[in-house]
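Structure file data-v5.cif with mmCIF, C-alpha atoms:
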```
data_final
#
loop_
_atom_site.label_atom_id
_atom_site.label_comp_id
_atom_site.auth_asym_id
_atom_site.auth_seq_id
_atom_site.Cartn_x
_atom_site.Cartn_y
_atom_site.Cartn_z
CA PRO A 417 -9.51 2.11 -15.96
CA ASP A 418 -11.47 4.35 -18.33
CA ASN A 419 -8.82 3.90 -21.07
CA LYS A 420 -8.30 7.66 -21.31
CA ALA A 421 -5.03 8.12 -19.44
CA LEU A 422 -1.67 6.44 -18.86
CA LEU A 423 0.38 6.38 -15.67
CA LEU A 424 4.10 6.98 -16.31
CA THR A 425 6.26 6.13 -13.29
CA GLY A 426 9.88 7.02 -12.63
CA GLY A 427 12.74 4.56 -12.53
CA ASP A 428 15.42 3.87 -9.95
CA VAL A 429 17.39 7.06 -10.53
CA VAL A 430 16.87 10.54 -9.07
CA PRO A 431 14.68 12.44 -9.69
CA ASP A 432 11.88 9.91 -9.42
CA ASP A 433 9.05 11.94 -10.96
CA ASP A 434 5.73 10.40 -11.97
CA PHE A 435 3.18 11.59 -14.51
CA VAL A 436 -0.27 10.94 -15.93
CA TYR A 437 -0.62 11.32 -19.68
CA ASP A 438 -4.15 12.37 -20.64
CA ILE A 439 -4.74 10.66 -23.98
CA THR A 440 -7.85 12.57 -25.01
CA GLY A 441 -6.38 15.96 -24.16
CA ASN A 442 -2.80 15.15 -25.22
CA GLN A 443 -1.62 16.53 -21.87
CA LEU A 444 1.22 15.42 -19.58
CA ILE A 445 0.41 16.00 -15.87
CA GLN A 446 3.11 15.75 -13.21
CA LEU A 447 1.95 13.97 -10.05
CA THR A 448 5.08 13.76 -7.89
CA ASN A 449 8.48 15.39 -7.51
CA SER A 450 10.92 13.33 -5.46
CA SER A 451 14.57 13.87 -4.61
CA ASP A 452 14.80 10.51 -2.84
CA TYR A 453 14.08 6.93 -3.89
CA GLY A 454 10.61 8.04 -4.90
CA GLU A 455 7.14 6.60 -5.20
CA ARG A 456 6.13 2.99 -5.80
CA GLN A 457 3.10 0.69 -6.02
CA PHE A 458 0.69 3.01 -7.77
CA GLY A 459 -2.93 1.96 -8.12
CA TRP A 460 -5.86 3.56 -9.92
CA LEU A 461 -9.21 4.07 -8.24
CA PRO A 462 -11.88 2.17 -10.21
CA ASP A 463 -13.62 5.38 -11.34
CA SER A 464 -10.29 6.78 -12.66
CA SER A 465 -10.68 9.91 -10.51
CA GLY A 466 -7.34 9.48 -8.79
CA LEU A 467 -4.54 7.17 -7.68
CA PHE A 468 -2.98 5.90 -4.47
CA TYR A 469 0.68 5.05 -3.96
CA VAL A 470 3.52 4.50 -1.49
CA GLY A 471 5.78 7.53 -1.23
CA ILE A 472 8.26 9.11 1.16
CA HIS A 473 7.36 11.29 4.14
CA ALA A 474 9.38 13.44 6.52
CA ALA A 475 7.93 15.48 9.39
CA CYS A 476 10.62 18.14 8.85
CA GLU A 477 13.42 18.93 6.43
CA THR A 478 16.08 17.32 8.67
CA CYS A 479 13.92 14.42 9.90
CA GLU A 480 14.43 10.85 8.75
CA THR A 481 12.13 9.75 5.96
CA SER A 482 9.41 7.17 6.35
CA ARG A 483 7.24 5.32 3.86
CA ALA A 484 3.68 6.59 3.60
CA ILE A 485 0.49 6.11 1.58
CA TYR A 486 -0.82 9.03 -0.46
CA TYR A 487 -3.84 9.84 -2.61
CA VAL A 488 -3.42 12.08 -5.65
CA SER A 489 -6.16 13.33 -7.93
CA ARG A 490 -5.98 12.43 -11.59
CA ASP A 491 -5.24 16.03 -12.63
CA GLY A 492 -2.57 16.40 -9.94
CA SER A 493 -4.37 19.26 -8.20
CA GLU A 494 -4.71 17.49 -4.84
CA THR A 495 -2.30 15.26 -2.92
CA ARG A 496 -3.43 13.82 0.40
CA LEU A 497 -1.40 11.98 3.06
CA LEU A 498 -3.37 8.93 4.23
CA ALA A 499 -1.06 6.86 6.46
CA ILE A 500 2.54 6.85 7.71
CA GLY A 501 4.27 3.49 8.00
CA ASP A 502 6.42 4.24 11.06
CA ALA A 503 3.37 5.57 12.95
CA LEU A 504 1.47 2.32 12.34
CA ALA A 505 4.24 -0.24 12.90
CA PRO A 506 4.20 -1.95 16.33
CA VAL A 507 7.46 -2.62 18.15
CA ASP A 508 7.82 -6.09 16.59
CA SER A 509 7.56 -4.74 13.04
CA VAL A 510 8.94 -2.03 10.75
CA GLY A 511 7.30 0.82 8.85
CA THR A 512 7.72 -0.49 5.33
CA ILE A 513 4.54 -0.77 3.22
CA CYS A 514 3.61 -3.12 0.40
CA ASP A 515 0.73 -4.91 -1.39
CA LEU A 516 -1.59 -1.89 -1.72
CA THR A 517 -4.99 -3.12 -2.95
CA TRP A 518 -8.29 -1.26 -3.32
CA SER A 519 -11.57 -2.74 -2.07
CA GLU A 520 -14.51 -1.26 -3.93
CA PRO A 521 -17.24 -2.62 -1.57
CA ASN A 522 -15.35 -1.30 1.49
CA GLN A 523 -14.00 1.87 -0.17
CA ARG A 524 -10.67 1.21 1.54
CA ILE A 525 -7.05 0.48 0.63
CA TYR A 526 -5.70 -2.72 2.19
CA PHE A 527 -1.95 -3.06 2.71
CA ILE A 528 0.82 -4.79 4.66
CA ILE A 529 3.01 -3.11 7.29
CA GLY A 530 6.40 -4.74 7.96
CA CYS A 531 7.42 -5.77 4.46
CA THR A 532 10.95 -7.09 4.73
CA TRP A 533 12.74 -10.20 3.59
CA GLU A 534 15.94 -9.54 5.49
CA ASP A 535 14.68 -10.38 9.00
CA PRO A 536 12.44 -13.48 8.98
CA TYR A 537 11.09 -12.66 12.43
CA THR A 538 9.66 -9.25 11.58
CA ASN A 539 5.92 -9.43 12.24
CA GLN A 540 3.72 -8.32 9.34
CA TYR A 541 0.37 -6.61 9.95
CA LEU A 542 -2.64 -6.24 7.66
CA TYR A 543 -4.04 -2.68 7.73
CA SER A 544 -6.59 -0.68 5.79
CA VAL A 545 -7.23 3.04 5.27
CA ASP A 546 -9.99 5.04 3.59
CA LEU A 547 -9.48 8.10 1.41
CA SER A 548 -9.99 10.38 4.41
CA GLY A 549 -7.01 8.84 6.22
CA ASN A 550 -8.91 6.71 8.75
CA THR A 551 -6.67 3.69 9.39
CA ARG A 552 -7.71 0.34 10.86
CA VAL A 553 -5.61 -2.65 11.89
CA GLU A 554 -7.14 -5.83 10.47
CA THR A 555 -4.83 -8.30 12.27
CA SER A 556 -4.17 -6.86 15.72
CA GLY A 557 -1.56 -9.48 16.63
CA GLY A 558 0.09 -9.56 13.22
CA LEU A 559 0.47 -12.55 10.95
CA ASN A 560 2.83 -14.30 13.36
CA SER A 561 0.05 -14.48 15.95
CA LEU A 562 -2.10 -16.50 13.55
CA PHE A 563 0.45 -19.32 13.52
CA PRO A 564 2.55 -19.07 16.72
CA ASP A 565 4.22 -22.45 16.15
CA GLU A 566 5.64 -21.30 12.79
CA THR A 567 8.30 -18.75 11.85
CA ALA A 568 8.68 -16.19 9.09
CA VAL A 569 4.97 -15.78 8.25
CA TRP A 570 4.71 -13.49 5.23
CA ALA A 571 1.91 -12.19 3.00
CA THR A 572 2.03 -12.94 -0.74
CA GLY A 573 -1.16 -11.23 -1.92
CA ILE A 574 -4.26 -9.29 -0.82
CA HIS A 575 -7.45 -9.95 -2.78
CA PRO A 576 -10.62 -8.04 -1.84
CA SER A 577 -13.83 -9.60 -3.14
CA PRO A 578 -15.22 -7.54 -6.04
CA LEU A 579 -18.81 -7.96 -4.79
CA MET A 580 -18.66 -8.48 -1.01
CA SER A 581 -16.86 -6.85 1.92
CA ASN A 582 -14.80 -10.00 2.52
CA VAL A 583 -11.07 -9.74 1.84
CA PHE A 584 -8.96 -12.78 0.97
CA PHE A 585 -5.21 -12.86 1.44
CA THR A 586 -2.51 -15.48 1.01
CA VAL A 587 0.39 -16.20 3.36
CA GLY A 588 3.42 -18.43 3.39
CA SER A 589 5.38 -19.61 6.42
CA ASP A 590 8.23 -21.84 7.55
CA GLY A 591 8.20 -24.54 10.17
CA SER A 592 5.43 -26.52 11.87
CA PRO A 593 4.84 -28.58 15.02
CA GLU A 594 5.93 -31.61 12.99
CA GLY A 595 9.35 -30.15 12.23
CA PRO A 596 11.30 -27.02 11.15
CA GLY A 597 11.71 -28.08 7.51
CA LYS A 598 8.11 -27.63 6.43
CA HIS A 599 6.96 -24.80 4.17
CA ASN A 600 3.30 -23.83 4.36
CA TRP A 601 0.90 -21.76 2.29
CA ARG A 602 -2.65 -20.73 3.06
CA VAL A 603 -5.59 -18.82 1.63
CA MET A 604 -7.24 -16.76 4.39
CA GLU A 605 -10.59 -14.95 4.50
CA LEU A 606 -11.09 -11.74 6.50
CA SER A 607 -14.76 -10.87 7.23
CA ALA A 608 -14.05 -8.17 9.85
CA PRO A 609 -11.00 -7.08 11.86
CA ASP A 610 -9.49 -10.21 13.46
CA ASP A 611 -12.35 -12.35 12.09
CA ILE A 612 -10.18 -14.67 10.00
CA VAL A 613 -10.70 -18.22 8.79
CA ILE A 614 -8.48 -20.54 6.76
CA VAL A 615 -9.99 -21.35 3.35
CA TYR A 616 -7.18 -23.59 2.11
CA GLU A 617 -3.81 -24.79 3.42
CA GLU A 618 -0.98 -26.99 2.21
CA SER A 619 2.52 -27.96 3.33
CA SER A 620 5.60 -29.07 1.43
CA ASP A 621 9.18 -30.05 2.15
CA ASP A 622 10.66 -28.24 -0.84
CA SER A 623 8.21 -25.64 -2.24
CA LEU A 624 7.35 -22.04 -1.31
CA LEU A 625 4.35 -19.85 -2.12
CA LYS A 626 5.54 -16.98 -4.34
CA SER A 627 2.44 -15.15 -5.58
CA SER A 628 -1.35 -15.29 -5.94
CA THR A 629 -4.01 -13.69 -8.13
CA MET A 630 -7.82 -13.63 -7.92
CA SER A 631 -10.19 -14.34 -10.82
CA PRO A 632 -12.23 -11.31 -12.00
CA ASP A 633 -15.45 -12.73 -10.51
CA GLY A 634 -13.83 -13.34 -7.12
CA VAL A 635 -14.61 -17.07 -7.20
CA SER A 636 -11.08 -18.52 -7.45
CA ILE A 637 -7.50 -17.73 -6.53
CA ALA A 638 -4.52 -18.98 -8.54
CA LEU A 639 -1.35 -19.73 -6.56
CA ARG A 640 2.18 -19.92 -7.95
CA THR A 641 4.49 -22.11 -5.89
CA ASN A 642 8.10 -22.83 -6.67
CA GLU A 643 10.87 -25.21 -5.76
CA GLN A 644 13.39 -23.54 -3.46
CA ALA A 645 16.25 -23.81 -5.93
CA TYR A 646 14.35 -22.10 -8.77
CA SER A 647 12.67 -18.75 -9.45
CA VAL A 648 9.93 -20.49 -11.43
CA GLY A 649 7.02 -22.57 -10.16
CA TYR A 650 3.73 -24.39 -10.59
CA ILE A 651 0.10 -23.19 -10.75
CA GLU A 652 -2.66 -24.26 -8.38
CA VAL A 653 -6.25 -22.94 -8.47
CA ILE A 654 -8.39 -22.80 -5.32
CA ASP A 655 -12.20 -22.53 -5.24
CA LEU A 656 -12.90 -19.96 -2.52
CA ALA A 657 -16.44 -21.19 -1.81
CA THR A 658 -15.47 -24.81 -1.16
CA GLY A 659 -11.79 -24.45 -0.24
CA GLN A 660 -11.00 -27.21 -2.73
CA ARG A 661 -8.06 -27.26 -5.14
CA THR A 662 -9.55 -27.47 -8.65
CA ILE A 663 -6.26 -27.32 -10.56
CA GLY A 664 -3.28 -29.24 -9.19
CA ARG A 665 0.43 -28.68 -9.66
CA ASP A 666 0.71 -31.40 -12.28
CA SER A 667 -1.45 -29.40 -14.73
CA THR A 668 1.35 -27.01 -15.70
CA PRO A 669 5.13 -27.32 -16.10
CA LEU A 670 7.57 -26.32 -13.39
CA GLU A 671 8.91 -23.31 -15.27
CA VAL A 672 5.96 -20.90 -14.77
CA CYS A 673 7.15 -17.30 -14.28
CA GLU A 674 3.90 -15.33 -14.32
CA VAL A 675 0.13 -15.93 -14.11
CA ILE A 676 -2.69 -13.62 -15.22
CA TRP A 677 -6.45 -14.18 -15.55
CA GLU A 678 -8.05 -13.61 -18.96
CA ASP A 679 -11.60 -14.10 -17.69
CA ASP A 680 -13.39 -15.96 -14.89
CA ARG A 681 -12.16 -19.40 -16.01
CA THR A 682 -9.13 -18.84 -18.25
CA LEU A 683 -5.52 -18.17 -17.24
CA PHE A 684 -2.58 -17.08 -19.34
CA TYR A 685 0.83 -18.01 -17.98
CA ARG A 686 4.41 -17.42 -19.09
CA VAL A 687 6.95 -20.26 -19.14
CA ASP A 688 10.75 -20.06 -19.23
CA SER A 689 12.29 -23.37 -20.23
CA VAL A 690 15.57 -22.65 -18.43
CA GLY A 691 13.97 -21.18 -15.31
CA SER A 692 15.51 -17.69 -15.27
CA CYS A 693 12.32 -15.66 -15.97
CA ASN A 694 14.36 -12.60 -16.94
CA PRO A 695 12.67 -10.46 -19.64
CA GLY A 696 14.21 -10.36 -23.08
CA LEU A 697 15.10 -14.03 -23.41
CA PRO A 698 14.00 -16.07 -26.46
CA GLN A 699 13.24 -19.36 -24.68
CA GLN A 700 10.01 -18.07 -23.14
CA SER A 701 6.49 -18.95 -24.28
CA VAL A 702 2.89 -18.11 -23.39
CA TRP A 703 0.30 -20.77 -22.54
CA VAL A 704 -3.42 -20.73 -21.78
CA LEU A 705 -5.12 -22.85 -19.08
CA ASP A 706 -8.85 -23.58 -18.98
CA THR A 707 -9.50 -23.92 -15.23
CA ALA A 708 -12.86 -25.62 -15.85
CA THR A 709 -11.38 -28.53 -17.81
CA GLY A 710 -7.66 -28.38 -16.95
CA ALA A 711 -6.77 -28.21 -20.66
CA THR A 712 -3.60 -26.29 -21.58
CA GLU A 713 -2.30 -25.01 -24.90
CA GLU A 714 0.73 -23.08 -26.05
CA VAL A 715 -0.38 -19.89 -27.81
CA SER A 716 2.99 -18.28 -28.57
CA SER A 717 6.68 -19.08 -28.40
CA GLY A 718 9.93 -17.17 -28.67
CA LEU A 719 8.42 -14.16 -26.89
CA SER A 720 9.44 -12.53 -23.63
CA GLY A 721 8.29 -9.82 -21.26
CA ASN A 722 5.43 -9.34 -18.81
CA LEU A 723 1.85 -10.25 -19.73
CA THR A 724 -0.99 -7.74 -19.94
CA ILE A 725 -4.64 -8.52 -20.69
CA VAL A 726 -6.41 -6.14 -23.07
CA ARG A 727 -10.19 -6.37 -23.39
CA GLN A 728 -12.23 -4.80 -26.20
CA VAL A 729 -9.63 -2.20 -27.07
CA GLU A 730 -9.76 -0.75 -30.58
CA MET A 731 -6.20 0.06 -31.54
CA THR A 732 -6.64 0.96 -35.20
CA SER A 733 -7.63 4.61 -34.63
CA PRO A 734 -5.35 6.20 -32.04
CA VAL A 735 -6.52 9.50 -30.59
CA VAL A 736 -3.01 10.96 -30.70
CA GLU A 737 -0.93 10.67 -33.86
CA PRO A 738 2.22 8.65 -33.08
CA PRO A 739 5.52 10.51 -33.52
CA THR A 740 6.90 7.90 -35.92
CA PRO A 741 5.09 5.63 -38.39
CA VAL A 742 4.20 2.18 -37.05
CA PRO A 743 2.70 -0.83 -38.85
CA THR A 744 -1.07 -0.84 -39.08
CA ALA A 745 -2.35 -2.20 -35.76
CA GLN A 746 -5.09 -4.77 -35.50
CA PRO A 747 -8.11 -4.69 -33.16
CA VAL A 748 -7.42 -6.69 -30.01
CA SER A 749 -10.11 -8.41 -27.92
CA SER A 750 -9.27 -10.32 -24.73
CA SER A 751 -5.64 -11.11 -25.57
CA ALA A 752 -2.34 -11.37 -23.76
CA LEU A 753 0.09 -8.67 -24.84
CA VAL A 754 3.79 -9.54 -24.86
CA ALA A 755 6.64 -7.15 -25.66
CA THR A 756 9.77 -8.71 -27.12
CA ILE A 757 13.14 -7.10 -27.77
CA THR A 758 14.63 -7.62 -31.23
CA ASP A 759 17.77 -6.38 -32.97
CA SER A 760 15.73 -3.65 -34.65
CA GLY A 761 13.77 -2.43 -31.62
CA ILE A 762 10.74 -3.55 -29.62
CA GLU A 763 7.72 -5.41 -30.99
CA VAL A 764 4.40 -5.94 -29.20
CA TYR A 765 2.37 -9.05 -30.02
CA ALA A 766 -1.15 -10.11 -29.00
CA ALA A 767 -1.71 -13.82 -28.43
CA ASP A 768 -5.32 -14.90 -27.89
CA SER A 769 -6.56 -18.12 -26.31
CA ALA A 770 -7.03 -19.69 -29.76
CA GLY A 771 -3.31 -19.41 -30.44
CA GLN A 772 -3.57 -16.55 -32.92
CA GLN A 773 -0.50 -14.30 -32.68
CA THR A 774 -0.68 -10.77 -34.12
CA LEU A 775 1.86 -7.96 -34.30
CA VAL A 776 0.01 -4.91 -32.93
CA ALA A 777 2.82 -2.38 -32.51
CA SER A 778 6.47 -1.85 -33.38
CA LEU A 779 9.01 0.65 -32.06
CA PRO A 780 11.80 0.38 -34.61
CA GLU A 781 13.70 3.46 -33.47
CA PHE A 782 13.81 2.52 -29.79
CA ARG A 783 16.96 0.96 -28.38
CA VAL A 784 17.35 -0.48 -24.92
CA GLY A 785 19.73 1.63 -22.85
CA GLU A 786 19.64 4.65 -25.16
CA PRO A 787 18.35 7.97 -23.78
CA VAL A 788 15.04 9.29 -25.06
CA ASP A 789 14.75 13.08 -25.42
CA ASP A 790 11.70 15.18 -24.51
CA ASN A 791 10.36 14.88 -28.05
#
```
Would you write out, as structure tokens, the structure that this file holds?
Amino acid sequence: PDNKALLLTGGDVVPDDDFVYDITGNQLIQLTNSSDYGERQFGWLPDSSGLFYVGIHAACETCETSRAIYYVSRDGSETRLLAIGDALAPVDSVGTICDLTWSEPNQRIYFIIGCTWEDPYTNQYLYSVDLSGNTRVETSGGLNSLFPDETAVWATGIHPSPLMSNVFFTVGSDGSPEGPGKHNWRVMELSAPDDIVIVYEESSDDSLLKSSTMSPDGVSIALRTNEQAYSVGYIEVIDLATGQRTIGRDSTPLEVCEVIWEDDRTLFYRVDSVGSCNPGLPQQSVWVLDTATGATEEVSSGLSGNLTIVRQVEMTSPVVEPPTPVPTAQPVSSSALVATITDSGIEVYAADSAGQQTLVASLPEFRVGEPVDDN
């Protein structure tokens, strides 16, 4: 968060080691050393003093491994076990962990126990833990107990308010008293353990809730829902104070792959015209949505890759000299960054809400699939 370090996480091959690269000191710091599947879901603390993540845990060398939440200091000098998934999971759930999210007002990490998509009847539980390892169950009966007439209730996002202790989360479910074919999605508000109210709810015969993201000011939540036969979906925006839908599904095309907030009222979203959403494909484009007016505009086309918002970052004077010459970079302010793969390497473009597209970095000597040595 302080723009002075980069987290470098391992891939899906052993060893799964993870590092922090200190930009100002030009220092590579190893955080983890795993011989198993390794660590996932890293998150920075807002003051950049450390990180939290899901890792593996075993009580002894021959014991079965479990998923667990850890804290690690930024310099790697301290690693602290905070919670063990199997120890928290009730009998109707499993010890898998997902959706780690930090709440600054509460100074706690919120997360889901029971993350699985193989057994639709596994009950998911919302928990939280502080940096001293004090855990607390936030939904004592699990998500299934909130809607006993429905099946397969699953969480799709946890969104702590940036200013208040309230925590919002989104859930999807199947079935209803009216019939088994309904698919439901809801925005929920948690004020205290088991003190939960429904902010917004909707049902559909053919759509599912896939993901959600909160605006920086904590006023709105954007939902991405999709048709069952596709991996892409629509955008809806919900006002958390009124529970009203301010942006409907007809404001954006069906083929939305990804949604990210630029500021309190503006969304960038990525569209794939054929609905695959796989990175590296030329048919993708980036659009901007003004949630106050509903106006949309295409700001780039023929680009692919995940979106990242960069705010007030001066890129013309890097602290560390790059190992190979790159084209002169331009200053970027509040833009969506998109990496695209070309025949000659990887290019990174910035597309702002005015539609201006700028090449900010190029990696001409990088090839997908080729090994990169220590230099």
- Considering only C-alpha atoms, state which residue in the set A:Val672, A:Gly591, A:Pro578, A:Asp502 is at the smallest distance from Lys626 of chain A.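 Closest to Lys626 of chain A, using only C-alpha atoms: A:Val672.
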Counting all atoms listed in the file, which residue out of A:Asp438, A:Glu554, A:Glu713, A:Glu671 sits closest to Phe684 of chain A?
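Among the listed residues, A:Glu713 lies closest to Phe684 of chain A.
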- Query: Applied to the shown file, which residues does the PyMOL selection byres ((chain A and resi 711) around 12) return, written as an MDAnalysis selection string?
  - Reply: chainID A and resid 663 666:668 681:684 703:710 712:714 769
Mind dumping the selected residues with C-alpha atoms as an mmCIF file, in the coordinates of the input?
```cif
data_model
loop_
_atom_site.group_PDB
_atom_site.id
_atom_site.type_symbol
_atom_site.label_atom_id
_atom_site.label_comp_id
_atom_site.auth_asym_id
_atom_site.auth_seq_id
_atom_site.Cartn_x
_atom_site.Cartn_y
_atom_site.Cartn_z
ATOM 1 C CA ILE A 663 -6.260 -27.320 -10.560
ATOM 2 C CA ASP A 666 0.710 -31.400 -12.280
ATOM 3 C CA SER A 667 -1.450 -29.400 -14.730
ATOM 4 C CA THR A 668 1.350 -27.010 -15.700
ATOM 5 C CA ARG A 681 -12.160 -19.400 -16.010
ATOM 6 C CA THR A 682 -9.130 -18.840 -18.250
ATOM 7 C CA LEU A 683 -5.520 -18.170 -17.240
ATOM 8 C CA PHE A 684 -2.580 -17.080 -19.340
ATOM 9 C CA TRP A 703 0.300 -20.770 -22.540
ATOM 10 C CA VAL A 704 -3.420 -20.730 -21.780
ATOM 11 C CA LEU A 705 -5.120 -22.850 -19.080
ATOM 12 C CA ASP A 706 -8.850 -23.580 -18.980
ATOM 13 C CA THR A 707 -9.500 -23.920 -15.230
ATOM 14 C CA ALA A 708 -12.860 -25.620 -15.850
ATOM 15 C CA THR A 709 -11.380 -28.530 -17.810
ATOM 16 C CA GLY A 710 -7.660 -28.380 -16.950
ATOM 17 C CA THR A 712 -3.600 -26.290 -21.580
ATOM 18 C CA GLU A 713 -2.300 -25.010 -24.900
ATOM 19 C CA GLU A 714 0.730 -23.080 -26.050
ATOM 20 C CA SER A 769 -6.560 -18.120 -26.310
#
```
### Task
Run the PyMOL selection byres ((chain A and resi 462-473) around 7) against the file shown and list the residues it catches, as a ChimeraX atom specification.
/A:417-418,454-461,474-475,481-490
Min atom-atom distance to Asn522 of chain A from the set A:Ser561, A:Asn722, A:Ser544, A:Ser627, counting all atoms listed in the file, belongs to A:Ser544
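If all atoms listed in the file are the atoms counted, then among A:Ile445, A:Met630, A:Val553, A:Ile513 the closest residue to Pro609 of chain A is A:Val553.
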Atom CA of Leu424 of chain A sits from atom CA of Ala499 of chain A at a separation of 23.3 Å
| Between atom CA of Gln540 of chain A and atom CA of Gly659 of chain A, what is the distance, to one decimal in Å? |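 Answer for the atom CA of Gln540 of chain A to atom CA of Gly659 of chain A separation: 24.3 Å.
Those residues that approach Pro632 of chain A to within 12 Å, counting all atoms listed in the file, are His575, Pro576, Ser577, Pro578, Leu579, Ile637, Ala638, Ile676, Trp677, Glu678, Asp679, Asp680, Arg681, Thr682, Leu683 and Ile725 of chain A; same-chain residues fewer than 5 positions away are not listed.
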Report, in Å with one decimal, the straight-line distance from atom CA of Gly664 of chain A to atom CA of Asn600 of chain A.
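The value is 16.0 Å.
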